[in-house]
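Visitor: If you scroll down you'll find the structure; I have some questions about it.
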Amino acid sequence: MDIFRRLRRFYVPYLRFLGMSLAALVLTTALGLAYPYLLSLIINRVVLAHQYGQLLLYVSLILVASLVKGVFNFLQQYLGQVFGIHAAYDLRNTLYRKLGTQAFSYYDRVHTGDLMSRLTADLDAFRQFLAFGFNGLVNLVLLIVFGLSLMVFMNWELTIAVLVLMPVLAWVAVRFDGQLWPAYKEVRRSLGRLNTSVQENIMGVRTVKSFAREGFEQEKFGGRNESYYTANIVTAALWKRYFPYMELIGNMEVVIVLLVGGYLVIRGQMSLGDLVAFFSVVWYIVAPMSQLGYQLNNWTQSLAAGERLLEILDAPNPITSPEAGHSSVLQGRIEFAGVDLTYEEAPILHDIQFVAEPGQTIALLGLTGAGKTSLAGLIPRFYDVAKGSVRVDGVDVREWDLQALRRQVAVVFQESFLFSTTIFANIAYGHPDATMEEVRRAAQMADAAEFIEDLPAGYSTLVGERGIGLSGGQKQRIALARAILADPRILILDDATSAVDMETEYGIQQSLQRVMKGRTTLIIAHRISSLRRADQILVLDRGRIVQRGRHAELLRESGLYRTIYDMQFRDQGLMPVGRGEGFSAFAQAASSDAFS
Ligand code: DGT
Ligand code: MG
């Protein structure tokens, strides 16, 4: 019940549709009960009284009642649907908006497939209930109230006989519902897991195939499919176990009516017409009563679904924009003061301290897993610090208006992501009203223009799902062009040129130096060649800055920097493996540009 209360803001605005639907429902039910009454009249006044002249009149009345009932029944169902569709529409939008504002840390935890199944299957179960479930339950109540009144009106002794079994019915229903709730939660959960598996297999199909692990994945999927299957079987079995009881009770009601009613008719205490009418009212009520299980089923299912939707809506978001947050054109001064970062209690960064003046280039170097990406992510506030502060232009990022901050900080992520649309739209993503000229210029600076213009459809080429595939380096350069076009005051390049050859990287760096004049750049790289011209190089080791300075200074010190440098240059010939691919190309670039 609480679940419906907490979700009420989505359906309360549309209660008028439910109201109209319920009004139509009342009329449908009333007309439905008019039928047994007319039947009793036919028997008492026509058949038993031998007044066959009136037959046509009563038959036409029944016909009219059925027709009008049909119209109201249509309205009842249609308006119920409209109610559900409207509420689901709002709920879907709100869920999506909530997911859109969720912090990075939220996405570290959730599974895409599970989220998808909540947004589709669970939302639909909830909609179904709003559309049919409410009405179904109300219908039941109406039938019982109307039907009972009619029965009491016709013969109260017989009514009492029928009511004897009611507590049994209620007991069975409540017991059943108690077992159904956990069963349905399990159905929903296992569907979420199943979808996660499907999603991962589609995303990771290349890895699966290259390791010939189709069998393993098949088995994993099979296992989850089986859990889902079992959960469904369990609910079906519960259902089936309960159903015979309901049917038995229904049939016993019929027997009671025939026994007691027959006795009353024989004793002359009840007319035959009334018995027939009574009998059909009981029939009329018993059928939906035996569907009580179905209604409960519907109700329980939608509660389980509603709970999963509430989990999305109620998930706390640690990163929210402050009210009336700071917002101004950014100069580009970055300051880390005693910054610690933890991911779910695990310490990642310790006491990070540095200042980048506007226009400077800061480089981060360190072994894999040292915390470079994590450090950079603190600037646009992807995560919040555990201790200390990150200030941009002297203002703590937690006091910045989040949108204003992020709009002026562009990040080229370690893994470039392209949307399945045109190359043009991908580059213009952060700046949707960009002209072709601007897009082309950004592409040129990222050294992407040439290959894009060689494609048959040029900038209109579709990438991603339906479009052509691009090489890793091509994707990276498109992502880079996207960041350049956003015209950021702070640019973060997380290994942004790792997939291009050294010559291309060199060219990109030259043009970046021009664009980024007066702006701050943070470069993360594994190749010393990529960062040797930085104003300040920070060497990160297991979450701490262990060395800092310019290339020439760091080379003179013994330490991690020198070690990495030696590995990358001294032992060129001896390095069969490693991250510094393309050494010969680099050597050329290096020789044309003195190191120290
Ligand atoms: P890379 O890109 O391989 O050169 O490595 P870095 O230096 O960019 O490392 P980073 O910052 O991605 O990761 C530092 C540590 O933090 C590493 O032990 C993995 C862990 N870590 C990274 N991202 C997450 C996350 O989203 N959640 C949790 N719990 N840990 C994370
Ligand atoms: Mg990284």
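We label chains A, B, ... in the order they appear in the structure tokens, count residues from 1 in each chain, and number ligands from 1 in the order shown.
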List as number ranges by chain the protein and nucleic acid residues lying within 8 Å of ligand 2, with only C-alpha atoms and all ligand atoms counted.

Guide: A: 368-369, 371-374, 414, 494-495, 524

Visitor: Can you write out as CSV which residues of chain A fall within 10 Å of ligand 1, alongside each residue's closest atom pair and its distance in Å to one decimal, counting only C-alpha atoms and all ligand atoms and ordering rows by chain and ascending residue number?

Guide:
residue,atom,partner,partner_atom_place_in_ligand_line,distance
A:Phe104,CA,ligand 1,26 (O),7.6
A:Ser105,CA,ligand 1,26 (O),6.3
A:Tyr106,CA,ligand 1,26 (O),9.1
A:Tyr107,CA,ligand 1,26 (O),8.3
A:Asp108,CA,ligand 1,26 (O),5.2
A:Arg109,CA,ligand 1,27 (N),8.2
A:Leu341,CA,ligand 1,16 (O),9.3
A:Thr342,CA,ligand 1,29 (N),8.1
A:Tyr343,CA,ligand 1,29 (N),4.6
A:Glu344,CA,ligand 1,29 (N),5.8
A:Glu345,CA,ligand 1,29 (N),8.4
A:Ala346,CA,ligand 1,29 (N),7.0
A:Pro347,CA,ligand 1,16 (O),8.1
A:Ile348,CA,ligand 1,16 (O),5.5
A:Leu349,CA,ligand 1,14 (C),8.0
A:Leu364,CA,ligand 1,7 (O),8.7
A:Leu365,CA,ligand 1,7 (O),8.1
A:Gly366,CA,ligand 1,7 (O),6.3
A:Leu367,CA,ligand 1,4 (O),5.9
A:Thr368,CA,ligand 1,4 (O),3.5
A:Gly369,CA,ligand 1,9 (O),3.5
A:Ala370,CA,ligand 1,7 (O),3.9
A:Gly371,CA,ligand 1,11 (O),3.1
A:Lys372,CA,ligand 1,7 (O),3.7
A:Thr373,CA,ligand 1,8 (O),3.6
A:Ser374,CA,ligand 1,11 (O),3.7
A:Leu375,CA,ligand 1,11 (O),6.4
A:Ala376,CA,ligand 1,11 (O),8.1
A:Gly377,CA,ligand 1,11 (O),8.5
A:Tyr383,CA,ligand 1,26 (O),9.3
A:Phe413,CA,ligand 1,2 (O),9.8
A:Gln414,CA,ligand 1,2 (O),7.0
A:Glu415,CA,ligand 1,2 (O),9.6
A:Asp494,CA,ligand 1,2 (O),7.7
A:Asp495,CA,ligand 1,2 (O),7.5
A:Ile524,CA,ligand 1,8 (O),8.1
A:Ala525,CA,ligand 1,4 (O),7.8
A:His526,CA,ligand 1,4 (O),7.2
A:Leu540,CA,ligand 1,7 (O),7.8
A:Asp541,CA,ligand 1,7 (O),8.5
A:Arg542,CA,ligand 1,14 (C),7.9
A:Gly543,CA,ligand 1,14 (C),7.4

Visitor: What separation in Å, quoted to one decimal, exists between atom CA of Phe419 of chain A and atom CA of Gly464 of chain A?

Guide: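 It comes out at 6.3 Å.
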
Visitor: Which residues are close to Ala425 of chain A, i.e. within 10 Å by only C-alpha atoms, leaving aside same-chain residues fewer than 3 positions away? Reply as a ChimeraX atom specification.

Guide: /A:418-422,428-434,439,459-462,482

Visitor: Would you give me, as a Markdown table, each residue of segment 216-311 of chain A having an atom within 10 Å of an atom of segment 4-13 of chain A, along with its shortest atom pair and that distance in Å to one decimal, using only C-alpha atoms and sorting by chain and residue number?

Guide:
| residue | atom | partner | partner_atom | distance |
| --- | --- | --- | --- | --- |
| A:Ser302 | CA | A:Phe4 | CA | 9.4 |
| A:Leu303 | CA | A:Phe4 | CA | 7.6 |
| A:Gly306 | CA | A:Phe4 | CA | 7.6 |
| A:Glu307 | CA | A:Phe4 | CA | 9.1 |
| A:Leu309 | CA | A:Leu7 | CA | 9.1 |
| A:Leu310 | CA | A:Leu7 | CA | 7.6 |

Visitor: So that I can check the surroundings of Glu247 of chain A, please list as a list in words every protein, DNA and RNA residue that reaches within 12 Å of it, counting only C-alpha atoms and ignoring chain neighbours fewer than 3 positions away.

Guide: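 Once the adjacent positions are removed, what remains is Leu169, Val172, Lys240, Arg241, Tyr242, Phe243, Pro244, Gly250, Asn251, Met252, Glu253, Val254, Trp283, Val286, Ala287, Pro288, Met289, Ser290, Gln291, Leu292 and Gly293 of chain A.
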
Visitor: For segment 148-156 of chain A, please output as a ChimeraX atom specification all residues within 8 Å (counting only C-alpha atoms; exclusion window: fewer than 6 positions along the same chain).

Guide: /A:270,274,278,281

Visitor: Dump all heavy atoms for the selected residues as a PDB file, in the first residue's frame?

Guide:
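To be explicit, this is the file written out as selection21.pdb:
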ATOM      1  N   MET A 270     -40.526 -19.126  -1.333  1.00  0.00           N
ATOM      2  CA  MET A 270     -39.787 -18.370  -2.334  1.00  0.00           C
ATOM      3  C   MET A 270     -40.345 -18.747  -3.690  1.00  0.00           C
ATOM      4  O   MET A 270     -40.715 -19.909  -3.907  1.00  0.00           O
ATOM      5  CB  MET A 270     -38.304 -18.756  -2.244  1.00  0.00           C
ATOM      6  CG  MET A 270     -37.376 -17.858  -3.014  1.00  0.00           C
ATOM      7  SD  MET A 270     -35.675 -18.462  -2.845  1.00  0.00           S
ATOM      8  CE  MET A 270     -34.824 -17.152  -3.670  1.00  0.00           C
ATOM      9  N   ASP A 274     -37.662 -16.037  -8.347  1.00  0.00           N
ATOM     10  CA  ASP A 274     -36.662 -15.456  -7.443  1.00  0.00           C
ATOM     11  C   ASP A 274     -35.471 -16.384  -7.280  1.00  0.00           C
ATOM     12  O   ASP A 274     -34.322 -15.935  -7.206  1.00  0.00           O
ATOM     13  CB  ASP A 274     -37.279 -15.162  -6.075  1.00  0.00           C
ATOM     14  CG  ASP A 274     -38.090 -13.877  -6.120  1.00  0.00           C
ATOM     15  OD1 ASP A 274     -38.056 -13.217  -7.185  1.00  0.00           O
ATOM     16  OD2 ASP A 274     -38.741 -13.533  -5.110  1.00  0.00           O
ATOM     17  N   PHE A 278     -31.854 -15.366  -8.088  1.00  0.00           N
ATOM     18  CA  PHE A 278     -30.860 -15.472  -7.027  1.00  0.00           C
ATOM     19  C   PHE A 278     -29.663 -16.287  -7.501  1.00  0.00           C
ATOM     20  O   PHE A 278     -28.504 -15.926  -7.307  1.00  0.00           O
ATOM     21  CB  PHE A 278     -31.512 -16.136  -5.812  1.00  0.00           C
ATOM     22  CG  PHE A 278     -30.762 -15.900  -4.534  1.00  0.00           C
ATOM     23  CD1 PHE A 278     -31.140 -14.883  -3.674  1.00  0.00           C
ATOM     24  CD2 PHE A 278     -29.675 -16.694  -4.199  1.00  0.00           C
ATOM     25  CE1 PHE A 278     -30.437 -14.647  -2.507  1.00  0.00           C
ATOM     26  CE2 PHE A 278     -28.971 -16.472  -3.039  1.00  0.00           C
ATOM     27  CZ  PHE A 278     -29.344 -15.439  -2.175  1.00  0.00           C
ATOM     28  N   VAL A 281     -27.518 -14.342  -9.766  1.00  0.00           N
ATOM     29  CA  VAL A 281     -26.706 -13.334  -9.070  1.00  0.00           C
ATOM     30  C   VAL A 281     -25.493 -14.012  -8.429  1.00  0.00           C
ATOM     31  O   VAL A 281     -24.363 -13.525  -8.529  1.00  0.00           O
ATOM     32  CB  VAL A 281     -27.530 -12.595  -7.982  1.00  0.00           C
ATOM     33  CG1 VAL A 281     -26.632 -11.657  -7.185  1.00  0.00           C
ATOM     34  CG2 VAL A 281     -28.656 -11.806  -8.607  1.00  0.00           C
TER      35      VAL A 281
END

Visitor: Hey, which of A:Ala103, A:Leu130, A:Leu275, A:Ala49 ends up closest to Asn317 of chain A? Count only C-alpha atoms.

Guide: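 Looking at the shortest contact to Asn317 of chain A, the residue is A:Ala103.
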
Visitor: Which neighbours of segment 198-209 of chain A fall inside 9 Å, counting only C-alpha atoms, when residues of the same chain fewer than 5 positions from it are skipped, and could you give them as a list in words?

Guide: Thr112, Gly113, Arg193, Glu214, Phe216, Glu217 and Phe221 of chain A

Visitor: Determine, using only C-alpha atoms, which residues of segment 449-541 of chain A have any atom at most 9 Å from an atom of segment 405-409 of chain A, and tabulate each with its shortest atom pair and distance in Å to one decimal place, rows ordered by chain and then rising number, as JSON lines.

Guide:
{"residue": "A:Ala483", "atom": "CA", "partner": "A:Val409", "partner_atom": "CA", "distance": 8.8}
{"residue": "A:Ala486", "atom": "CA", "partner": "A:Gln408", "partner_atom": "CA", "distance": 7.9}
{"residue": "A:Asp487", "atom": "CA", "partner": "A:Gln408", "partner_atom": "CA", "distance": 7.5}
{"residue": "A:Pro488", "atom": "CA", "partner": "A:Gln408", "partner_atom": "CA", "distance": 4.6}
{"residue": "A:Arg489", "atom": "CA", "partner": "A:Gln408", "partner_atom": "CA", "distance": 5.4}
{"residue": "A:Ile490", "atom": "CA", "partner": "A:Val409", "partner_atom": "CA", "distance": 4.7}
{"residue": "A:Leu491", "atom": "CA", "partner": "A:Val409", "partner_atom": "CA", "distance": 5.8}
{"residue": "A:Ile492", "atom": "CA", "partner": "A:Val409", "partner_atom": "CA", "distance": 7.4}

Visitor: From the list A:Pro380, A:Thr320, A:Ala386, A:Leu91, which residue is nearest Ala337 of chain A when using only C-alpha atoms?

Guide: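 Closest candidate: A:Ala386.
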
Visitor: How many Å lie between atom CA of Ile43 of chain A and atom CA of Leu259 of chain A, rounded to one decimal?

Guide: 19.7 Å

Visitor: To one decimal place in Å, what is the distance between atom CA of Leu22 of chain A and atom CA of Gln76 of chain A?

Guide: 6.5 Å

Visitor: Residues near Gly388 of chain A, anyone? I mean within 12 Å using only C-alpha atoms, not counting same-chain ones fewer than 3 positions away, as a PyMOL selection string.

Guide: chain A and resi 335-341+349-354+378+384-385+391+396-398

Visitor: With distances taken over only C-alpha atoms, which of A:Tyr89, A:Tyr263, A:Trp181, A:Tyr284 is nearest to Gly147 of chain A?

Guide: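 With only C-alpha atoms as the atom set, the closest residue is A:Tyr284.
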